[in-house]
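**Q** Pasting run_29.cif here (mmCIF, N, CA and C atoms):
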data_query
loop_
_atom_site.label_atom_id
_atom_site.label_comp_id
_atom_site.auth_asym_id
_atom_site.auth_seq_id
_atom_site.Cartn_x
_atom_site.Cartn_y
_atom_site.Cartn_z
N MET A 14 11.93 66.04 -146.63
CA MET A 14 11.95 65.33 -145.36
C MET A 14 11.46 63.90 -145.59
N ASN A 15 12.23 62.92 -145.12
CA ASN A 15 11.83 61.54 -145.34
C ASN A 15 10.85 61.08 -144.26
N ASP A 16 10.30 59.88 -144.44
CA ASP A 16 9.31 59.35 -143.51
C ASP A 16 9.87 59.21 -142.10
N ARG A 17 11.12 58.75 -142.00
CA ARG A 17 11.70 58.53 -140.67
C ARG A 17 11.84 59.85 -139.91
N THR A 18 12.25 60.88 -140.62
CA THR A 18 12.38 62.20 -139.98
C THR A 18 11.03 62.70 -139.52
N ALA A 19 10.01 62.55 -140.35
CA ALA A 19 8.67 63.01 -139.99
C ALA A 19 8.14 62.24 -138.78
N VAL A 20 8.31 60.92 -138.77
CA VAL A 20 7.85 60.11 -137.64
C VAL A 20 8.64 60.48 -136.39
N SER A 21 9.94 60.66 -136.53
CA SER A 21 10.78 61.02 -135.39
C SER A 21 10.35 62.36 -134.79
N ASP A 22 10.06 63.33 -135.66
CA ASP A 22 9.61 64.65 -135.18
C ASP A 22 8.29 64.53 -134.43
N THR A 23 7.38 63.72 -134.95
CA THR A 23 6.08 63.54 -134.30
C THR A 23 6.24 62.82 -132.96
N VAL A 24 7.05 61.77 -132.93
CA VAL A 24 7.29 61.04 -131.68
C VAL A 24 7.91 61.97 -130.64
N THR A 25 8.87 62.78 -131.06
CA THR A 25 9.50 63.73 -130.15
C THR A 25 8.47 64.70 -129.58
N ALA A 26 7.58 65.18 -130.43
CA ALA A 26 6.52 66.09 -129.96
C ALA A 26 5.58 65.39 -128.97
N LEU A 27 5.30 64.11 -129.22
CA LEU A 27 4.43 63.35 -128.32
C LEU A 27 5.11 63.09 -126.97
N ILE A 28 6.42 62.99 -126.97
CA ILE A 28 7.16 62.74 -125.72
C ILE A 28 7.17 63.98 -124.82
N GLU A 29 7.19 65.16 -125.41
CA GLU A 29 7.37 66.40 -124.64
C GLU A 29 6.48 66.53 -123.39
N PRO A 30 5.17 66.28 -123.47
CA PRO A 30 4.36 66.42 -122.26
C PRO A 30 4.74 65.44 -121.15
N PHE A 31 5.39 64.34 -121.53
CA PHE A 31 5.79 63.32 -120.56
C PHE A 31 7.24 63.49 -120.10
N ASN A 32 7.96 64.44 -120.70
CA ASN A 32 9.39 64.63 -120.43
C ASN A 32 9.55 65.63 -119.28
N LYS A 33 9.22 65.16 -118.10
CA LYS A 33 9.19 66.04 -116.91
C LYS A 33 10.56 66.60 -116.54
N LYS A 34 11.62 65.87 -116.89
CA LYS A 34 12.97 66.30 -116.52
C LYS A 34 13.67 67.10 -117.61
N GLY A 35 12.98 67.31 -118.74
CA GLY A 35 13.57 68.08 -119.83
C GLY A 35 14.78 67.42 -120.45
N VAL A 36 14.76 66.09 -120.53
CA VAL A 36 15.87 65.33 -121.09
C VAL A 36 15.99 65.63 -122.59
N ALA A 37 17.22 65.87 -123.05
CA ALA A 37 17.45 66.06 -124.48
C ALA A 37 17.20 64.73 -125.19
N LEU A 38 16.40 64.76 -126.25
CA LEU A 38 15.99 63.53 -126.92
C LEU A 38 16.85 63.23 -128.14
N SER A 39 17.15 61.94 -128.31
CA SER A 39 17.84 61.45 -129.50
C SER A 39 17.35 60.03 -129.74
N ASP A 40 17.79 59.40 -130.82
CA ASP A 40 17.41 58.01 -131.08
C ASP A 40 17.84 57.09 -129.94
N ALA A 41 18.89 57.45 -129.23
CA ALA A 41 19.43 56.60 -128.17
C ALA A 41 18.77 56.83 -126.81
N THR A 42 17.89 57.82 -126.71
CA THR A 42 17.24 58.10 -125.43
C THR A 42 16.41 56.91 -124.99
N SER A 43 16.66 56.44 -123.77
CA SER A 43 15.95 55.30 -123.20
C SER A 43 14.74 55.79 -122.40
N PHE A 44 13.59 55.15 -122.64
CA PHE A 44 12.38 55.55 -121.91
C PHE A 44 12.52 55.29 -120.42
N GLN A 45 13.05 54.14 -120.07
CA GLN A 45 13.18 53.80 -118.66
C GLN A 45 14.43 54.43 -118.04
N GLY A 46 15.56 54.33 -118.74
CA GLY A 46 16.82 54.80 -118.18
C GLY A 46 16.95 56.32 -118.15
N ASN A 47 16.72 56.98 -119.29
CA ASN A 47 16.91 58.43 -119.37
C ASN A 47 15.69 59.21 -118.90
N LEU A 48 14.51 58.79 -119.36
CA LEU A 48 13.29 59.54 -119.03
C LEU A 48 12.68 59.10 -117.69
N GLU A 49 13.10 57.91 -117.21
CA GLU A 49 12.65 57.38 -115.93
C GLU A 49 11.13 57.27 -115.83
N TRP A 50 10.53 56.74 -116.91
CA TRP A 50 9.08 56.59 -116.93
C TRP A 50 8.66 55.35 -116.15
N ASP A 51 7.53 55.47 -115.45
CA ASP A 51 6.94 54.30 -114.80
C ASP A 51 5.95 53.66 -115.77
N SER A 52 5.37 52.54 -115.38
CA SER A 52 4.52 51.79 -116.29
C SER A 52 3.26 52.58 -116.70
N LEU A 53 2.73 53.39 -115.80
CA LEU A 53 1.54 54.18 -116.13
C LEU A 53 1.86 55.22 -117.19
N THR A 54 3.01 55.87 -117.07
CA THR A 54 3.43 56.86 -118.07
C THR A 54 3.62 56.18 -119.42
N VAL A 55 4.24 55.01 -119.42
CA VAL A 55 4.45 54.27 -120.66
C VAL A 55 3.11 53.96 -121.32
N MET A 56 2.12 53.51 -120.55
CA MET A 56 0.82 53.17 -121.11
C MET A 56 0.14 54.41 -121.71
N ASP A 57 0.21 55.52 -121.01
CA ASP A 57 -0.37 56.77 -121.52
C ASP A 57 0.31 57.21 -122.81
N PHE A 58 1.63 57.09 -122.83
CA PHE A 58 2.39 57.49 -124.01
C PHE A 58 2.10 56.57 -125.20
N VAL A 59 2.07 55.28 -124.94
CA VAL A 59 1.78 54.32 -126.02
C VAL A 59 0.40 54.61 -126.61
N ALA A 60 -0.57 54.91 -125.77
CA ALA A 60 -1.92 55.24 -126.26
C ALA A 60 -1.87 56.48 -127.15
N ALA A 61 -1.08 57.47 -126.77
CA ALA A 61 -0.95 58.69 -127.58
C ALA A 61 -0.32 58.38 -128.94
N VAL A 62 0.70 57.53 -128.94
CA VAL A 62 1.37 57.15 -130.19
C VAL A 62 0.41 56.37 -131.08
N GLU A 63 -0.31 55.43 -130.49
CA GLU A 63 -1.26 54.63 -131.26
C GLU A 63 -2.34 55.51 -131.89
N ASP A 64 -2.85 56.45 -131.12
CA ASP A 64 -3.88 57.37 -131.64
C ASP A 64 -3.33 58.25 -132.77
N GLU A 65 -2.15 58.79 -132.56
CA GLU A 65 -1.55 59.69 -133.55
C GLU A 65 -1.30 59.00 -134.89
N PHE A 66 -0.77 57.78 -134.83
CA PHE A 66 -0.37 57.09 -136.06
C PHE A 66 -1.40 56.06 -136.54
N GLU A 67 -2.47 55.89 -135.76
CA GLU A 67 -3.52 54.91 -136.09
C GLU A 67 -2.93 53.52 -136.27
N ILE A 68 -2.18 53.08 -135.25
CA ILE A 68 -1.55 51.77 -135.24
C ILE A 68 -1.84 51.11 -133.89
N VAL A 69 -1.50 49.83 -133.77
CA VAL A 69 -1.58 49.12 -132.50
C VAL A 69 -0.20 48.55 -132.20
N ILE A 70 0.32 48.91 -131.04
CA ILE A 70 1.61 48.39 -130.60
C ILE A 70 1.34 47.29 -129.58
N THR A 71 1.65 46.06 -129.94
CA THR A 71 1.36 44.92 -129.06
C THR A 71 2.23 44.98 -127.79
N MET A 72 1.79 44.25 -126.79
CA MET A 72 2.56 44.19 -125.54
C MET A 72 3.95 43.58 -125.79
N ASN A 73 4.02 42.58 -126.67
CA ASN A 73 5.32 41.98 -126.99
C ASN A 73 6.24 42.99 -127.64
N MET A 74 5.69 43.80 -128.53
CA MET A 74 6.49 44.81 -129.21
C MET A 74 6.93 45.88 -128.20
N GLN A 75 6.01 46.27 -127.31
CA GLN A 75 6.35 47.27 -126.29
C GLN A 75 7.53 46.80 -125.44
N ALA A 76 7.55 45.53 -125.12
CA ALA A 76 8.62 44.99 -124.27
C ALA A 76 9.99 45.10 -124.94
N GLU A 77 10.00 45.10 -126.28
CA GLU A 77 11.26 45.15 -127.02
C GLU A 77 11.73 46.58 -127.31
N ILE A 78 10.83 47.55 -127.16
CA ILE A 78 11.17 48.94 -127.50
C ILE A 78 11.72 49.64 -126.26
N GLU A 79 13.00 49.98 -126.30
CA GLU A 79 13.64 50.61 -125.15
C GLU A 79 14.06 52.05 -125.41
N THR A 80 14.21 52.41 -126.69
CA THR A 80 14.72 53.75 -127.01
C THR A 80 13.79 54.47 -128.00
N VAL A 81 13.99 55.75 -128.11
CA VAL A 81 13.21 56.57 -129.05
C VAL A 81 13.40 56.05 -130.48
N GLY A 82 14.64 55.76 -130.85
CA GLY A 82 14.93 55.26 -132.20
C GLY A 82 14.22 53.96 -132.50
N GLN A 83 14.18 53.05 -131.52
CA GLN A 83 13.48 51.78 -131.72
C GLN A 83 11.99 52.01 -131.90
N LEU A 84 11.43 52.97 -131.19
CA LEU A 84 10.01 53.29 -131.34
C LEU A 84 9.73 53.85 -132.73
N VAL A 85 10.57 54.75 -133.19
CA VAL A 85 10.39 55.33 -134.53
C VAL A 85 10.42 54.22 -135.58
N ASP A 86 11.39 53.30 -135.46
CA ASP A 86 11.48 52.19 -136.41
C ASP A 86 10.23 51.30 -136.35
N ALA A 87 9.73 51.05 -135.13
CA ALA A 87 8.52 50.23 -134.97
C ALA A 87 7.31 50.90 -135.60
N VAL A 88 7.17 52.20 -135.42
CA VAL A 88 6.04 52.93 -136.02
C VAL A 88 6.12 52.83 -137.54
N LEU A 89 7.30 53.03 -138.09
CA LEU A 89 7.47 52.95 -139.55
C LEU A 89 7.09 51.54 -140.06
N LYS A 90 7.51 50.53 -139.32
CA LYS A 90 7.20 49.15 -139.70
C LYS A 90 5.70 48.89 -139.65
N LEU A 91 5.04 49.36 -138.59
CA LEU A 91 3.61 49.15 -138.43
C LEU A 91 2.78 49.92 -139.45
N LYS A 92 3.27 51.10 -139.82
CA LYS A 92 2.56 51.91 -140.81
C LYS A 92 2.70 51.31 -142.20
N GLY A 93 3.79 50.51 -142.37
CA GLY A 93 4.05 49.77 -143.59
C GLY A 93 3.97 50.59 -144.81
#
Starting from the file, give its structure as structure tokens.
**A**
Amino acid sequence: MNDRTAVSDTVTALIEPFNKKGVALSDATSFQGNLEWDSLTVMDFVAAVEDEFEIVITMNMQAEIETVGQLVDAVLKLKG
């Protein structure tokens, strides 16, 4: 299993408690469009991701991340 798959699996697991509508997840799943998250949910989720991976996702970076795949790529980049 490569790093991207491992990060993707972890991100997917972190999304589950916030996935109230049971949306099927893929790299193309949009946090706002598909999951319909509000800003409070996003903040809670970002905190969970930061804690899990021991990274900091800046507000500028958060603004650019719209899909699950983009988040996985950002985590990989931050973990370096």
**Q** I need the output of the PyMOL selection byres (((chain A and resi 65 and name CA) around 12) and name CA) for this file as a compact mmCIF listing (two decimals) with N, CA and C atoms, in the frame of the given file; which residues are they?
**A**
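Everything below was put into out-v6.txt:
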# COMPACT_ATOMS: atom_id res chain seq x y z
N VAL A 20 8.31 60.92 -138.77
CA VAL A 20 7.85 60.11 -137.64
C VAL A 20 8.64 60.48 -136.39
N THR A 23 7.38 63.72 -134.95
CA THR A 23 6.08 63.54 -134.30
C THR A 23 6.24 62.82 -132.96
N VAL A 24 7.05 61.77 -132.93
CA VAL A 24 7.29 61.04 -131.68
C VAL A 24 7.91 61.97 -130.64
N ALA A 26 7.58 65.18 -130.43
CA ALA A 26 6.52 66.09 -129.96
C ALA A 26 5.58 65.39 -128.97
N LEU A 27 5.30 64.11 -129.22
CA LEU A 27 4.43 63.35 -128.32
C LEU A 27 5.11 63.09 -126.97
N PHE A 58 1.63 57.09 -122.83
CA PHE A 58 2.39 57.49 -124.01
C PHE A 58 2.10 56.57 -125.20
N VAL A 59 2.07 55.28 -124.94
CA VAL A 59 1.78 54.32 -126.02
C VAL A 59 0.40 54.61 -126.61
N ALA A 60 -0.57 54.91 -125.77
CA ALA A 60 -1.92 55.24 -126.26
C ALA A 60 -1.87 56.48 -127.15
N ALA A 61 -1.08 57.47 -126.77
CA ALA A 61 -0.95 58.69 -127.58
C ALA A 61 -0.32 58.38 -128.94
N VAL A 62 0.70 57.53 -128.94
CA VAL A 62 1.37 57.15 -130.19
C VAL A 62 0.41 56.37 -131.08
N GLU A 63 -0.31 55.43 -130.49
CA GLU A 63 -1.26 54.63 -131.26
C GLU A 63 -2.34 55.51 -131.89
N ASP A 64 -2.85 56.45 -131.12
CA ASP A 64 -3.88 57.37 -131.64
C ASP A 64 -3.33 58.25 -132.77
N PHE A 66 -0.77 57.78 -134.83
CA PHE A 66 -0.37 57.09 -136.06
C PHE A 66 -1.40 56.06 -136.54
N GLU A 67 -2.47 55.89 -135.76
CA GLU A 67 -3.52 54.91 -136.09
C GLU A 67 -2.93 53.52 -136.27
N ILE A 68 -2.18 53.08 -135.25
CA ILE A 68 -1.55 51.77 -135.24
C ILE A 68 -1.84 51.11 -133.89
N VAL A 69 -1.50 49.83 -133.77
CA VAL A 69 -1.58 49.12 -132.50
C VAL A 69 -0.20 48.55 -132.20
N VAL A 88 7.17 52.20 -135.42
CA VAL A 88 6.04 52.93 -136.02
C VAL A 88 6.12 52.83 -137.54
N LYS A 92 3.27 51.10 -139.82
CA LYS A 92 2.56 51.91 -140.81
C LYS A 92 2.70 51.31 -142.20
**Q** Using only N, CA and C atoms, which of the listed residues (A:Leu89, A:Met56, A:Leu48, A:Val81) sits closest to Lys33 in chain A?
**A** A:Leu48
**Q** Quick one: residues within 12 Å of Val36 in chain A, only C-alpha atoms, excluding same-chain residues fewer than 4 positions away - as a list in words?
**A**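 Skipping anything fewer than 4 positions along the chain leaves Thr25, Ile28, Glu29, Pro30, Phe31, Asn32, Ala41, Thr42, Ser43, Phe44, Gly46, Asn47, Leu48, Glu49 and Trp50 of chain A.
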**Q** Rounded to one decimal, what separation in Å do you get between atom C of Gly82 in chain A and atom N of Val55 in chain A?
**A**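 A separation of 16.5 Å between them.
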**Q** Atom C of Glu79 in chain A and atom N of Asp51 in chain A are how many Å apart?
**A**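 Pair atom C of Glu79 in chain A / atom N of Asp51 in chain A returns 12.4 Å.
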**Q** So, with only C-alpha atoms as the atoms that count, which of A:Val85, A:Leu38, A:Ile70, A:Ile78 lies closest to Asp16 in chain A?
**A**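 Using only C-alpha atoms, Asp16 in chain A sits closest to A:Val85.
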**Q** Could you work out how far atom C of Leu91 in chain A lies from atom N of Ala37 in chain A, giving the answer in Å with one decimal?
**A** 27.1 Å
**Q** May I ask which of the residues A:Lys34, A:Ser39, A:Arg17, A:Thr54 is the closest one to Asp86 in chain A, counting all atoms listed in the file?
**A**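 Among the listed residues, A:Arg17 lies closest to Asp86 in chain A.
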**Q** Pull the helix (DSSP H, G or I) assignments for chain A out of DSSP run on the backbone, and list those residues as number ranges by chain.
**A** A: 16-31, 52-66, 72-77, 81-92
**Q** Is there a way to complete range 80-91 of chain A with all heavy atoms and then write that out as a CSV table (one decimal), in the frame of the given file?
**A**
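Output below, filename out-v8.csv:
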chain,number,residue,atom,x,y,z
A,80,THR,N,14.2,52.4,-126.7
A,80,THR,CA,14.7,53.8,-127.0
A,80,THR,C,13.8,54.5,-128.0
A,80,THR,O,13.0,53.8,-128.7
A,80,THR,CB,16.1,53.7,-127.6
A,80,THR,OG1,16.0,53.0,-128.9
A,80,THR,CG2,17.1,52.9,-126.7
A,81,VAL,N,14.0,55.8,-128.1
A,81,VAL,CA,13.2,56.6,-129.0
A,81,VAL,C,13.4,56.0,-130.5
A,81,VAL,O,12.4,55.9,-131.2
A,81,VAL,CB,13.6,58.1,-128.9
A,81,VAL,CG1,12.9,58.9,-130.0
A,81,VAL,CG2,13.2,58.6,-127.6
A,82,GLY,N,14.6,55.8,-130.8
A,82,GLY,CA,14.9,55.3,-132.2
A,82,GLY,C,14.2,54.0,-132.5
A,82,GLY,O,13.7,53.8,-133.6
A,83,GLN,N,14.2,53.0,-131.5
A,83,GLN,CA,13.5,51.8,-131.7
A,83,GLN,C,12.0,52.0,-131.9
A,83,GLN,O,11.3,51.3,-132.7
A,83,GLN,CB,13.7,50.8,-130.5
A,83,GLN,CG,15.1,50.3,-130.5
A,83,GLN,CD,15.4,49.5,-129.2
A,83,GLN,OE1,14.8,49.7,-128.2
A,83,GLN,NE2,16.4,48.6,-129.3
A,84,LEU,N,11.4,53.0,-131.2
A,84,LEU,CA,10.0,53.3,-131.3
A,84,LEU,C,9.7,53.8,-132.7
A,84,LEU,O,8.8,53.5,-133.4
A,84,LEU,CB,9.5,54.3,-130.3
A,84,LEU,CG,8.1,54.7,-130.4
A,84,LEU,CD1,7.1,53.6,-130.3
A,84,LEU,CD2,7.8,55.8,-129.4
A,85,VAL,N,10.6,54.8,-133.2
A,85,VAL,CA,10.4,55.3,-134.5
A,85,VAL,C,10.4,54.2,-135.6
A,85,VAL,O,9.6,54.2,-136.5
A,85,VAL,CB,11.5,56.4,-134.8
A,85,VAL,CG1,11.4,56.8,-136.3
A,85,VAL,CG2,11.3,57.6,-133.9
A,86,ASP,N,11.4,53.3,-135.5
A,86,ASP,CA,11.5,52.2,-136.4
A,86,ASP,C,10.2,51.3,-136.4
A,86,ASP,O,9.7,50.9,-137.4
A,86,ASP,CB,12.7,51.4,-136.2
A,86,ASP,CG,14.0,52.1,-136.5
A,86,ASP,OD1,14.0,53.1,-137.3
A,86,ASP,OD2,15.1,51.7,-135.9
A,87,ALA,N,9.7,51.0,-135.1
A,87,ALA,CA,8.5,50.2,-135.0
A,87,ALA,C,7.3,50.9,-135.6
A,87,ALA,O,6.5,50.2,-136.3
A,87,ALA,CB,8.3,50.0,-133.5
A,88,VAL,N,7.2,52.2,-135.4
A,88,VAL,CA,6.0,52.9,-136.0
A,88,VAL,C,6.1,52.8,-137.5
A,88,VAL,O,5.1,52.5,-138.2
A,88,VAL,CB,6.0,54.4,-135.6
A,88,VAL,CG1,5.0,55.2,-136.4
A,88,VAL,CG2,5.7,54.5,-134.1
A,89,LEU,N,7.3,53.0,-138.1
A,89,LEU,CA,7.5,53.0,-139.6
A,89,LEU,C,7.1,51.5,-140.1
A,89,LEU,O,6.4,51.4,-141.1
A,89,LEU,CB,8.9,53.3,-139.9
A,89,LEU,CG,9.3,54.7,-139.9
A,89,LEU,CD1,10.8,54.9,-140.0
A,89,LEU,CD2,8.6,55.5,-141.0
A,90,LYS,N,7.5,50.5,-139.3
A,90,LYS,CA,7.2,49.2,-139.7
A,90,LYS,C,5.7,48.9,-139.6
A,90,LYS,O,5.1,48.3,-140.6
A,90,LYS,CB,8.0,48.2,-138.8
A,90,LYS,CG,7.8,46.7,-139.1
A,90,LYS,CD,8.7,45.9,-138.1
A,90,LYS,CE,8.4,44.4,-138.3
A,90,LYS,NZ,9.1,43.6,-137.3
A,91,LEU,N,5.0,49.4,-138.6
A,91,LEU,CA,3.6,49.2,-138.4
A,91,LEU,C,2.8,49.9,-139.4
A,91,LEU,O,1.7,49.5,-139.9
A,91,LEU,CB,3.2,49.5,-137.0
A,91,LEU,CG,3.6,48.6,-135.9
A,91,LEU,CD1,3.4,49.2,-134.5
A,91,LEU,CD2,2.9,47.2,-136.0
